[in-house]
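Source file: run.cif; contents: mmCIF, C-alpha atoms, pLDDT in the B column; chains and numbers go by the auth columns.
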data_upload
loop_
_atom_site.group_PDB
_atom_site.id
_atom_site.type_symbol
_atom_site.label_atom_id
_atom_site.label_comp_id
_atom_site.label_asym_id
_atom_site.label_seq_id
_atom_site.Cartn_x
_atom_site.Cartn_y
_atom_site.Cartn_z
_atom_site.B_iso_or_equiv
_atom_site.auth_seq_id
_atom_site.auth_asym_id
ATOM 1 C CA MET A 1 0.000 0.000 0.000 43.00 1 A
ATOM 2 C CA PRO A 2 1.578 3.335 -1.052 56.00 2 A
ATOM 3 C CA PHE A 3 2.363 5.665 1.795 76.00 3 A
ATOM 4 C CA ALA A 4 1.262 9.270 2.117 91.00 4 A
ATOM 5 C CA TYR A 5 2.925 12.407 3.414 94.00 5 A
ATOM 6 C CA ALA A 6 1.504 14.606 6.169 96.00 6 A
ATOM 7 C CA VAL A 7 3.163 18.014 5.972 97.00 7 A
ATOM 8 C CA PHE A 8 2.821 19.761 9.315 98.00 8 A
ATOM 9 C CA ASP A 9 3.515 23.175 10.785 97.00 9 A
ATOM 10 C CA CYS A 10 2.587 24.689 14.117 98.00 10 A
ATOM 11 C CA GLU A 11 2.872 27.962 16.005 97.00 11 A
ATOM 12 C CA THR A 12 3.412 27.772 19.734 97.00 12 A
ATOM 13 C CA THR A 13 3.685 29.624 23.026 97.00 13 A
ATOM 14 C CA GLY A 14 7.447 28.960 23.017 95.00 14 A
ATOM 15 C CA THR A 15 10.147 26.536 21.963 91.00 15 A
ATOM 16 C CA THR A 16 10.180 23.953 24.774 90.00 16 A
ATOM 17 C CA PRO A 17 7.832 21.007 24.104 88.00 17 A
ATOM 18 C CA ARG A 18 7.566 19.973 27.764 87.00 18 A
ATOM 19 C CA ARG A 19 6.467 23.436 28.827 91.00 19 A
ATOM 20 C CA ASP A 20 4.982 25.179 25.796 96.00 20 A
ATOM 21 C CA GLU A 21 1.814 24.525 23.807 97.00 21 A
ATOM 22 C CA ILE A 22 0.498 24.678 20.266 98.00 22 A
ATOM 23 C CA VAL A 23 -1.683 27.703 19.433 98.00 23 A
ATOM 24 C CA SER A 24 -2.222 26.941 15.746 98.00 24 A
ATOM 25 C CA PHE A 25 -1.367 24.152 13.337 98.00 25 A
ATOM 26 C CA ALA A 26 -1.918 23.036 9.791 98.00 26 A
ATOM 27 C CA VAL A 27 -1.452 19.692 8.103 98.00 27 A
ATOM 28 C CA VAL A 28 -1.488 19.077 4.355 98.00 28 A
ATOM 29 C CA ARG A 29 -1.814 15.430 3.357 98.00 29 A
ATOM 30 C CA LEU A 30 -0.200 14.399 0.067 96.00 30 A
ATOM 31 C CA THR A 31 0.030 11.210 -1.937 94.00 31 A
ATOM 32 C CA ALA A 32 3.435 9.611 -2.534 89.00 32 A
ATOM 33 C CA ASN A 33 3.528 11.637 -5.767 89.00 33 A
ATOM 34 C CA GLY A 34 2.864 14.933 -4.009 93.00 34 A
ATOM 35 C CA VAL A 35 -0.825 15.379 -4.852 96.00 35 A
ATOM 36 C CA GLU A 36 -2.812 17.090 -2.096 97.00 36 A
ATOM 37 C CA THR A 37 -5.697 15.007 -0.790 98.00 37 A
ATOM 38 C CA ALA A 38 -6.672 16.821 2.423 97.00 38 A
ATOM 39 C CA ARG A 39 -5.963 19.921 4.468 97.00 39 A
ATOM 40 C CA PHE A 40 -6.716 20.722 8.099 97.00 40 A
ATOM 41 C CA ALA A 41 -5.861 23.976 9.890 97.00 41 A
ATOM 42 C CA ARG A 42 -6.988 25.196 13.296 98.00 42 A
ATOM 43 C CA LEU A 43 -6.358 27.739 15.993 98.00 43 A
ATOM 44 C CA VAL A 44 -5.949 26.073 19.391 98.00 44 A
ATOM 45 C CA CYS A 45 -6.672 27.548 22.806 98.00 45 A
ATOM 46 C CA PRO A 46 -3.753 26.709 25.124 98.00 46 A
ATOM 47 C CA SER A 47 -4.080 26.222 28.861 96.00 47 A
ATOM 48 C CA CYS A 48 -1.822 29.208 29.531 96.00 48 A
ATOM 49 C CA PRO A 49 -1.572 32.806 28.290 96.00 49 A
ATOM 50 C CA ILE A 50 0.396 33.338 25.086 98.00 50 A
ATOM 51 C CA PRO A 51 3.607 35.249 25.888 96.00 51 A
ATOM 52 C CA ALA A 52 4.070 38.587 24.159 96.00 52 A
ATOM 53 C CA GLU A 53 7.337 37.433 22.598 95.00 53 A
ATOM 54 C CA ALA A 54 5.546 34.494 20.960 96.00 54 A
ATOM 55 C CA THR A 55 2.780 36.764 19.669 96.00 55 A
ATOM 56 C CA ALA A 56 5.478 39.005 18.186 94.00 56 A
ATOM 57 C CA VAL A 57 6.634 36.065 16.056 92.00 57 A
ATOM 58 C CA HIS A 58 3.342 34.624 14.790 95.00 58 A
ATOM 59 C CA GLY A 59 0.811 37.358 15.542 94.00 59 A
ATOM 60 C CA ILE A 60 -1.545 35.141 17.553 97.00 60 A
ATOM 61 C CA GLY A 61 -2.705 36.575 20.868 97.00 61 A
ATOM 62 C CA ASP A 62 -4.986 35.412 23.654 97.00 62 A
ATOM 63 C CA GLU A 63 -7.990 37.145 22.102 97.00 63 A
ATOM 64 C CA ASP A 64 -7.476 35.222 18.836 97.00 64 A
ATOM 65 C CA VAL A 65 -7.767 31.829 20.516 98.00 65 A
ATOM 66 C CA ALA A 66 -10.331 32.650 23.204 97.00 66 A
ATOM 67 C CA SER A 67 -13.115 30.806 21.372 98.00 67 A
ATOM 68 C CA ALA A 68 -10.891 28.190 19.712 98.00 68 A
ATOM 69 C CA PRO A 69 -11.062 24.514 20.731 98.00 69 A
ATOM 70 C CA SER A 70 -8.518 23.024 23.082 98.00 70 A
ATOM 71 C CA PHE A 71 -6.048 20.557 21.597 98.00 71 A
ATOM 72 C CA GLY A 72 -7.910 17.704 23.240 98.00 72 A
ATOM 73 C CA GLU A 73 -11.097 18.632 21.381 98.00 73 A
ATOM 74 C CA ILE A 74 -9.523 18.230 17.949 98.00 74 A
ATOM 75 C CA ALA A 75 -6.817 15.650 18.731 98.00 75 A
ATOM 76 C CA LEU A 76 -8.652 12.615 17.356 97.00 76 A
ATOM 77 C CA GLU A 77 -9.542 14.385 14.111 97.00 77 A
ATOM 78 C CA LEU A 78 -5.920 15.436 13.688 98.00 78 A
ATOM 79 C CA ARG A 79 -4.558 11.977 14.454 97.00 79 A
ATOM 80 C CA ALA A 80 -6.876 10.467 11.845 96.00 80 A
ATOM 81 C CA LEU A 81 -5.418 12.780 9.198 96.00 81 A
ATOM 82 C CA LEU A 82 -1.862 11.935 10.247 97.00 82 A
ATOM 83 C CA HIS A 83 -2.496 8.186 10.393 96.00 83 A
ATOM 84 C CA GLY A 84 -0.374 6.066 8.072 93.00 84 A
ATOM 85 C CA ALA A 85 1.518 9.057 6.703 94.00 85 A
ATOM 86 C CA VAL A 86 5.140 10.096 6.808 91.00 86 A
ATOM 87 C CA PHE A 87 5.498 13.191 8.990 93.00 87 A
ATOM 88 C CA VAL A 88 7.144 16.082 7.116 94.00 88 A
ATOM 89 C CA ALA A 89 8.095 19.495 8.490 95.00 89 A
ATOM 90 C CA HIS A 90 10.685 22.224 8.080 94.00 90 A
ATOM 91 C CA ASN A 91 12.740 21.511 11.218 92.00 91 A
ATOM 92 C CA ALA A 92 10.874 18.283 11.872 91.00 92 A
ATOM 93 C CA PRO A 93 12.374 17.547 15.317 89.00 93 A
ATOM 94 C CA PHE A 94 10.795 20.707 16.746 94.00 94 A
ATOM 95 C CA ASP A 95 7.349 20.293 15.186 95.00 95 A
ATOM 96 C CA LEU A 96 7.216 16.580 15.924 94.00 96 A
ATOM 97 C CA GLY A 97 8.313 17.152 19.516 94.00 97 A
ATOM 98 C CA MET A 98 5.601 19.756 20.060 96.00 98 A
ATOM 99 C CA LEU A 99 2.974 17.541 18.444 96.00 99 A
ATOM 100 C CA GLN A 100 3.882 14.366 20.318 95.00 100 A
ATOM 101 C CA HIS A 101 3.877 16.229 23.624 95.00 101 A
ATOM 102 C CA ALA A 102 0.475 17.749 22.807 96.00 102 A
ATOM 103 C CA PHE A 103 -0.945 14.307 22.019 96.00 103 A
ATOM 104 C CA ALA A 104 0.594 12.830 25.167 95.00 104 A
ATOM 105 C CA SER A 105 -0.983 15.586 27.270 95.00 105 A
ATOM 106 C CA VAL A 106 -4.420 14.270 26.280 96.00 106 A
ATOM 107 C CA GLY A 107 -3.506 10.598 26.597 96.00 107 A
ATOM 108 C CA ILE A 108 -2.874 9.821 22.925 95.00 108 A
ATOM 109 C CA ASP A 109 0.239 8.148 21.530 92.00 109 A
ATOM 110 C CA TYR A 110 1.454 9.323 18.137 93.00 110 A
ATOM 111 C CA CYS A 111 4.343 7.695 16.309 91.00 111 A
ATOM 112 C CA PRO A 112 4.579 8.451 12.577 91.00 112 A
ATOM 113 C CA VAL A 113 5.491 5.753 10.086 87.00 113 A
ATOM 114 C CA GLY A 114 8.467 7.886 9.054 86.00 114 A
ATOM 115 C CA VAL A 115 9.885 11.387 9.371 88.00 115 A
ATOM 116 C CA ALA A 116 11.310 13.677 6.687 88.00 116 A
ATOM 117 C CA CYS A 117 12.799 17.108 7.387 90.00 117 A
ATOM 118 C CA THR A 118 12.902 19.617 4.534 91.00 118 A
ATOM 119 C CA LEU A 119 15.339 21.795 6.505 90.00 119 A
ATOM 120 C CA ASP A 120 17.892 18.966 6.622 86.00 120 A
ATOM 121 C CA ALA A 121 17.224 18.160 2.976 86.00 121 A
ATOM 122 C CA PHE A 122 17.866 21.674 1.710 86.00 122 A
ATOM 123 C CA ARG A 123 20.936 22.105 3.896 83.00 123 A
ATOM 124 C CA LEU A 124 22.371 19.180 1.946 78.00 124 A
ATOM 125 C CA LEU A 125 20.977 20.332 -1.373 81.00 125 A
ATOM 126 C CA GLU A 126 22.079 23.980 -1.056 81.00 126 A
ATOM 127 C CA PRO A 127 25.269 23.893 1.051 73.00 127 A
ATOM 128 C CA LEU A 128 26.462 27.315 -0.090 72.00 128 A
ATOM 129 C CA ALA A 129 23.200 29.147 0.604 80.00 129 A
ATOM 130 C CA GLY A 130 23.331 31.922 3.170 77.00 130 A
ATOM 131 C CA ASN A 131 20.549 30.395 5.249 88.00 131 A
ATOM 132 C CA HIS A 132 17.887 27.737 5.033 91.00 132 A
ATOM 133 C CA ARG A 133 14.909 29.420 6.656 93.00 133 A
ATOM 134 C CA LEU A 134 11.657 28.484 4.986 95.00 134 A
ATOM 135 C CA GLU A 135 11.089 31.975 3.614 93.00 135 A
ATOM 136 C CA SER A 136 14.627 32.149 2.195 94.00 136 A
ATOM 137 C CA ILE A 137 14.378 28.830 0.371 94.00 137 A
ATOM 138 C CA CYS A 138 10.968 29.816 -0.987 94.00 138 A
ATOM 139 C CA GLU A 139 12.426 33.051 -2.348 93.00 139 A
ATOM 140 C CA ARG A 140 15.269 31.178 -4.054 92.00 140 A
ATOM 141 C CA ARG A 141 12.858 28.618 -5.486 93.00 141 A
ATOM 142 C CA ASN A 142 10.156 31.104 -6.565 91.00 142 A
ATOM 143 C CA ILE A 143 7.599 29.637 -4.171 93.00 143 A
ATOM 144 C CA VAL A 144 4.916 32.011 -2.950 86.00 144 A
ATOM 145 C CA LEU A 145 4.847 32.151 0.858 85.00 145 A
ATOM 146 C CA GLU A 146 1.898 34.249 1.959 79.00 146 A
ATOM 147 C CA GLY A 147 2.588 35.061 5.572 70.00 147 A
ATOM 148 C CA ALA A 148 5.649 33.460 7.145 69.00 148 A
ATOM 149 C CA HIS A 149 4.972 32.009 10.615 75.00 149 A
ATOM 150 C CA GLU A 150 1.328 31.395 9.725 92.00 150 A
ATOM 151 C CA ALA A 151 0.794 27.668 10.074 96.00 151 A
ATOM 152 C CA GLU A 152 -1.230 26.983 6.931 96.00 152 A
ATOM 153 C CA SER A 153 1.001 29.143 4.715 95.00 153 A
ATOM 154 C CA ASP A 154 4.117 27.510 6.129 96.00 154 A
ATOM 155 C CA ALA A 155 2.691 24.011 5.682 97.00 155 A
ATOM 156 C CA LEU A 156 1.763 24.729 2.059 97.00 156 A
ATOM 157 C CA ALA A 157 5.235 26.133 1.393 97.00 157 A
ATOM 158 C CA THR A 158 6.837 23.092 3.007 96.00 158 A
ATOM 159 C CA ALA A 159 4.663 20.866 0.818 96.00 159 A
ATOM 160 C CA ALA A 160 6.025 22.746 -2.198 96.00 160 A
ATOM 161 C CA LEU A 161 9.581 22.023 -1.025 95.00 161 A
ATOM 162 C CA LEU A 162 8.697 18.355 -0.632 94.00 162 A
ATOM 163 C CA ARG A 163 7.423 18.286 -4.216 94.00 163 A
ATOM 164 C CA ILE A 164 10.772 19.690 -5.387 91.00 164 A
ATOM 165 C CA LEU A 165 12.530 16.810 -3.645 89.00 165 A
ATOM 166 C CA LEU A 166 10.121 14.282 -5.134 88.00 166 A
ATOM 167 C CA ASP A 167 10.610 15.748 -8.612 86.00 167 A
ATOM 168 C CA GLU A 168 14.386 15.451 -8.205 80.00 168 A
ATOM 169 C CA GLY A 169 14.045 11.823 -7.140 75.00 169 A
ATOM 170 C CA ILE A 170 15.844 12.409 -3.848 70.00 170 A
ATOM 171 C CA ALA A 171 13.036 11.639 -1.424 60.00 171 A
ATOM 172 C CA PRO A 172 12.967 7.825 -1.633 46.00 172 A
ATOM 173 C CA GLU A 173 10.037 5.764 -0.415 45.00 173 A
ATOM 174 C CA THR A 174 11.992 4.766 2.676 45.00 174 A
ATOM 175 C CA VAL A 175 11.850 8.488 3.528 44.00 175 A
ATOM 176 C CA GLU A 176 15.442 8.301 4.703 52.00 176 A
ATOM 177 C CA LEU A 177 17.557 11.100 3.239 54.00 177 A
ATOM 178 C CA ASP A 178 19.562 9.564 0.384 60.00 178 A
ATOM 179 C CA HIS A 179 22.904 11.297 0.950 64.00 179 A
ATOM 180 C CA ALA A 180 24.519 9.824 -2.163 66.00 180 A
ATOM 181 C CA ALA A 181 21.679 11.158 -4.313 65.00 181 A
ATOM 182 C CA PHE A 182 21.988 14.572 -2.713 66.00 182 A
ATOM 183 C CA LEU A 183 25.742 14.633 -3.335 68.00 183 A
ATOM 184 C CA ARG A 184 25.306 13.714 -6.991 68.00 184 A
ATOM 185 C CA LEU A 185 22.647 16.364 -7.459 66.00 185 A
ATOM 186 C CA ARG A 186 24.659 18.969 -5.576 65.00 186 A
ATOM 187 C CA SER A 187 27.790 18.404 -7.678 71.00 187 A
ATOM 188 C CA ARG A 188 26.115 19.008 -11.040 71.00 188 A
ATOM 189 C CA GLY A 189 27.871 21.869 -12.800 73.00 189 A
ATOM 190 C CA ASP A 190 30.265 22.407 -9.862 76.00 190 A
ATOM 191 C CA THR A 191 33.498 23.430 -11.607 82.00 191 A
ATOM 192 C CA ARG A 192 35.418 24.220 -8.432 81.00 192 A
ATOM 193 C CA PRO A 193 38.599 22.149 -8.011 88.00 193 A
ATOM 194 C CA ALA A 194 38.120 18.970 -6.025 87.00 194 A
ATOM 195 C CA SER A 195 39.622 19.182 -2.547 87.00 195 A
ATOM 196 C CA GLU A 196 42.617 17.137 -1.412 89.00 196 A
ATOM 197 C CA GLY A 197 40.272 15.055 0.715 87.00 197 A
ATOM 198 C CA GLN A 198 38.050 14.320 -2.287 87.00 198 A
ATOM 199 C CA ILE A 199 41.075 13.212 -4.329 91.00 199 A
ATOM 200 C CA ARG A 200 42.264 10.987 -1.469 91.00 200 A
ATOM 201 C CA ARG A 201 38.831 9.372 -1.418 90.00 201 A
ATOM 202 C CA VAL A 202 39.302 8.384 -5.078 91.00 202 A
ATOM 203 C CA PHE A 203 42.280 6.262 -4.065 92.00 203 A
ATOM 204 C CA GLY A 204 40.498 4.919 -0.992 91.00 204 A
ATOM 205 C CA LEU A 205 37.622 3.735 -3.170 90.00 205 A
ATOM 206 C CA ALA A 206 40.131 2.349 -5.682 90.00 206 A
ATOM 207 C CA ARG A 207 41.526 0.143 -2.921 90.00 207 A
ATOM 208 C CA CYS A 208 38.009 -1.085 -2.104 90.00 208 A
ATOM 209 C CA ALA A 209 37.498 -1.776 -5.825 87.00 209 A
ATOM 210 C CA GLU A 210 40.719 -3.854 -5.770 88.00 210 A
ATOM 211 C CA LEU A 211 42.580 -1.735 -8.329 91.00 211 A
ATOM 212 C CA LEU A 212 45.791 -2.978 -6.757 89.00 212 A
ATOM 213 C CA LEU A 213 49.393 -3.785 -7.593 88.00 213 A
ATOM 214 C CA PRO A 214 50.615 -7.346 -6.958 87.00 214 A
ATOM 215 C CA GLY A 215 52.227 -6.125 -3.749 84.00 215 A
ATOM 216 C CA GLY A 216 48.922 -4.761 -2.474 84.00 216 A
ATOM 217 C CA GLY A 217 49.263 -1.021 -3.090 89.00 217 A
ATOM 218 C CA VAL A 218 46.813 0.951 -5.206 90.00 218 A
ATOM 219 C CA ASP A 219 47.678 0.722 -8.898 92.00 219 A
ATOM 220 C CA ARG A 220 47.782 4.379 -9.936 92.00 220 A
ATOM 221 C CA ASP A 221 47.846 3.456 -13.630 93.00 221 A
ATOM 222 C CA GLN A 222 44.496 1.667 -13.283 93.00 222 A
ATOM 223 C CA VAL A 223 43.076 4.616 -11.374 93.00 223 A
ATOM 224 C CA VAL A 224 44.278 7.083 -14.021 94.00 224 A
ATOM 225 C CA ALA A 225 42.782 4.932 -16.787 94.00 225 A
ATOM 226 C CA LEU A 226 39.414 4.897 -15.025 93.00 226 A
ATOM 227 C CA VAL A 227 39.538 8.640 -14.342 93.00 227 A
ATOM 228 C CA GLU A 228 40.369 9.379 -17.981 93.00 228 A
ATOM 229 C CA ARG A 229 37.560 7.164 -19.218 93.00 229 A
ATOM 230 C CA VAL A 230 35.012 8.786 -16.901 91.00 230 A
ATOM 231 C CA SER A 231 36.110 12.429 -16.943 90.00 231 A
ATOM 232 C CA GLY A 232 38.139 12.857 -20.127 90.00 232 A
ATOM 233 C CA THR A 233 41.329 13.843 -18.300 91.00 233 A
ATOM 234 C CA ALA A 234 44.211 11.737 -17.024 91.00 234 A
ATOM 235 C CA ASP A 235 45.238 14.397 -14.511 92.00 235 A
ATOM 236 C CA VAL A 236 43.663 13.099 -11.322 91.00 236 A
ATOM 237 C CA ASP A 237 44.765 16.134 -9.329 90.00 237 A
ATOM 238 C CA SER A 238 42.938 18.569 -11.656 92.00 238 A
ATOM 239 C CA LEU A 239 39.460 17.058 -11.331 91.00 239 A
ATOM 240 C CA THR A 240 36.518 19.336 -10.640 90.00 240 A
ATOM 241 C CA ARG A 241 33.990 18.471 -7.963 85.00 241 A
ATOM 242 C CA GLU A 242 31.519 17.386 -10.621 86.00 242 A
ATOM 243 C CA GLN A 243 34.121 15.116 -12.222 90.00 243 A
ATOM 244 C CA VAL A 244 35.249 13.599 -8.934 89.00 244 A
ATOM 245 C CA GLN A 245 31.643 12.676 -8.120 85.00 245 A
ATOM 246 C CA ASP A 246 31.418 10.876 -11.479 88.00 246 A
ATOM 247 C CA VAL A 247 34.617 9.008 -10.590 91.00 247 A
ATOM 248 C CA TYR A 248 33.169 8.059 -7.194 88.00 248 A
ATOM 249 C CA ASP A 249 30.081 6.670 -8.910 85.00 249 A
ATOM 250 C CA ALA A 250 32.206 4.604 -11.321 89.00 250 A
ATOM 251 C CA LEU A 251 34.320 3.215 -8.486 90.00 251 A
ATOM 252 C CA GLU A 252 31.265 2.383 -6.400 85.00 252 A
ATOM 253 C CA ARG A 253 29.830 0.457 -9.361 86.00 253 A
ATOM 254 C CA LEU A 254 33.093 -1.500 -9.529 88.00 254 A
ATOM 255 C CA ILE A 255 32.929 -2.232 -5.811 87.00 255 A
ATOM 256 C CA ALA A 256 29.365 -3.514 -6.186 83.00 256 A
ATOM 257 C CA ALA A 257 30.230 -5.712 -9.191 76.00 257 A
ATOM 258 C CA PRO A 258 31.142 -9.394 -8.799 66.00 258 A
ATOM 259 C CA PRO A 259 34.948 -9.789 -8.538 61.00 259 A
ATOM 260 C CA ALA A 260 35.153 -11.567 -11.895 56.00 260 A
ATOM 261 C CA LYS A 261 33.651 -8.534 -13.641 53.00 261 A
ATOM 262 C CA ARG A 262 35.826 -5.871 -12.017 51.00 262 A
ATOM 263 C CA ALA A 263 38.011 -4.106 -14.533 54.00 263 A
ATOM 264 C CA ALA A 264 39.045 -0.492 -14.799 52.00 264 A
#
Mind converting the file's structure to structure tokens?
Amino acid sequence: MPFAYAVFDCETTGTTPRRDEIVSFAVVRLTANGVETARFARLVCPSCPIPAEATAVHGIGDEDVASAPSFGEIALELRALLHGAVFVAHNAPFDLGMLQHAFASVGIDYCPVGVACTLDAFRLLEPLAGNHRLESICERRNIVLEGAHEAESDALATAALLRILLDEGIAPETVELDHAAFLRLRSRGDTRPASEGQIRRVFGLARCAELLLPGGGVDRDQVVALVERVSGTADVDSLTREQVQDVYDALERLIAAPPAKRAA
């Protein structure tokens, strides 16, 4: 049975799950292909006053939630929408911590089938970006974010980021971040010189691929032949970061091949 995604965002009275409470949330449920199937957004009346510093961030004050339901009143409806779905959020540990504590406070256990964090994903995908706040990524990716720190807007924007990952093929069905896929994607068009550490890794992988001299050392001639075939240059030390990633991929294919079929 194909899984679904539940993209979640919440605004709170503070940043400590054990002490603070949710004052608004939104969840957008998507199919495995990123098609929206349901949406649920609510204000929530906490059991304590909303601090002024929290209101300054999200704009929600005590008067806004005075007639809103408590979390306990909508908890079962929310859990039903989350059921069977991978939990997705921008900074998932925070949102999931707040949500699990809120459920626990009303006697409900919630454990998602998987967790995906778009903040972690885009830190890997855009390592040179100045920051990875939701609004900054949306600006770089031409995603409309109508009202940062408004739960429904943030959840919809996060869903848009998830669709980017799905379109790039780097959000696998296991929902574990595929670091190798991110590295390949990140290196595309990267003409900066490969670092000394990246070059050393070429020879480390060559050893694992058994490109060895009879005495056991790495056979540099075999490595150079492979590098030239893959990148078009025999100068290992002049590889770009894009080229070195292609060499890594070729070496990893050799490592995975049966010994009888290994040949540079």
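With distances taken over all atoms listed in the file, A:Val88 is the one residue among A:Ala209, A:Val88, A:Thr37, A:Cys138 lying closest to Val113 (chain A).
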| message | the PyMOL selection byres ((chain A and resi 42) around 9) - which residues does that actually catch in the file I just gave you? List them as a PyMOL selection string. | response | chain A and resi 23-26+40-41+43-44+68-69+74+151-152
* To do: For Gly72 (chain A), list every protein, DNA or RNA residue within 12 Å, evaluated using all atoms listed in the file, and leave out those in the same chain fewer than 6 positions away; present the list as a ChimeraX atom specification.
  => /A:21-22,44-47,78-79,99,101-108
Fill in: Within 10 Å of region 248-252 of chain A using only C-alpha atoms, minus same-chain residues under 4 positions, as a list in words
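Selected residues are Ala180, Arg184, Gln198, Ile199, Arg201, Val202, Phe203, Gly204, Leu205, Ala206, Arg207, Cys208, Ala209, Glu210, Leu211, Val223, Leu226, Val227, Arg229, Val230, Gln243, Val244, Ala256, Ala257, Arg262 and Ala264 of chain A.
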### Task
Figure out the distance between CA of Ala54 (chain A) and CA of Gly14 (chain A), please, to one decimal in Å.
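Computing the Euclidean distance for CA of Gly14 (chain A) and CA of Ala54 (chain A) yields 6.2 Å.
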At a cut-off of 12 Å around the point (0.0, 28.4, 1.9) (file coordinates), what residues fall inside when counting all atoms listed in the file? I'd like the answer as a PDB file with C-alpha atoms, in the frame of the given file.
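Once everything was written out, this is part-v2.pdb:
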ATOM      1  CA  VAL A   7       3.163  18.014   5.972  1.00 97.00           C
ATOM      2  CA  PHE A   8       2.821  19.761   9.315  1.00 98.00           C
ATOM      3  CA  ASP A   9       3.515  23.175  10.785  1.00 97.00           C
ATOM      4  CA  ALA A  26      -1.918  23.036   9.791  1.00 98.00           C
ATOM      5  CA  VAL A  27      -1.452  19.692   8.103  1.00 98.00           C
ATOM      6  CA  VAL A  28      -1.488  19.077   4.355  1.00 98.00           C
ATOM      7  CA  ARG A  39      -5.963  19.921   4.468  1.00 97.00           C
ATOM      8  CA  PHE A  40      -6.716  20.722   8.099  1.00 97.00           C
ATOM      9  CA  ALA A  41      -5.861  23.976   9.890  1.00 97.00           C
ATOM     10  CA  GLU A 135      11.089  31.975   3.614  1.00 93.00           C
ATOM     11  CA  CYS A 138      10.968  29.816  -0.987  1.00 94.00           C
ATOM     12  CA  ILE A 143       7.599  29.637  -4.171  1.00 93.00           C
ATOM     13  CA  VAL A 144       4.916  32.011  -2.950  1.00 86.00           C
ATOM     14  CA  LEU A 145       4.847  32.151   0.858  1.00 85.00           C
ATOM     15  CA  GLU A 146       1.898  34.249   1.959  1.00 79.00           C
ATOM     16  CA  GLY A 147       2.588  35.061   5.572  1.00 70.00           C
ATOM     17  CA  ALA A 148       5.649  33.460   7.145  1.00 69.00           C
ATOM     18  CA  HIS A 149       4.972  32.009  10.615  1.00 75.00           C
ATOM     19  CA  GLU A 150       1.328  31.395   9.725  1.00 92.00           C
ATOM     20  CA  ALA A 151       0.794  27.668  10.074  1.00 96.00           C
ATOM     21  CA  GLU A 152      -1.230  26.983   6.931  1.00 96.00           C
ATOM     22  CA  SER A 153       1.001  29.143   4.715  1.00 95.00           C
ATOM     23  CA  ASP A 154       4.117  27.510   6.129  1.00 96.00           C
ATOM     24  CA  ALA A 155       2.691  24.011   5.682  1.00 97.00           C
ATOM     25  CA  LEU A 156       1.763  24.729   2.059  1.00 97.00           C
ATOM     26  CA  ALA A 157       5.235  26.133   1.393  1.00 97.00           C
ATOM     27  CA  THR A 158       6.837  23.092   3.007  1.00 96.00           C
ATOM     28  CA  ALA A 159       4.663  20.866   0.818  1.00 96.00           C
ATOM     29  CA  ALA A 160       6.025  22.746  -2.198  1.00 96.00           C
ATOM     30  CA  LEU A 161       9.581  22.023  -1.025  1.00 95.00           C
TER      31      LEU A 161
END
### Message
Since I can't run it myself right now, could you work out what the PyMOL selection byres ((chain A and resi 114-123) around 7) selects here and report it as a PyMOL selection string?
### Response
chain A and resi 86-92+112-113+124-127+132+161-162+175
Asp62 (chain A) surroundings by all atoms listed in the file, 8 Å radius, close-in-sequence under 3 positions cut, as a PyMOL selection string:
chain A and resi 49-50+65-66
Between CA of Glu242 (chain A) and CA of Arg140 (chain A), what is the distance, to one decimal in Å?
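Computing the Euclidean distance for CA of Glu242 (chain A) and CA of Arg140 (chain A) yields 22.3 Å.
Counting all atoms listed in the file and comparing A:Glu36, A:Glu73, A:Thr13, A:Ala6, the residue that lies closest to Ala56 (chain A) is A:Thr13.
Computed from the coordinates, the CA of Ala234 (chain A) to CA of Gln222 (chain A) distance equals 10.7 Å.
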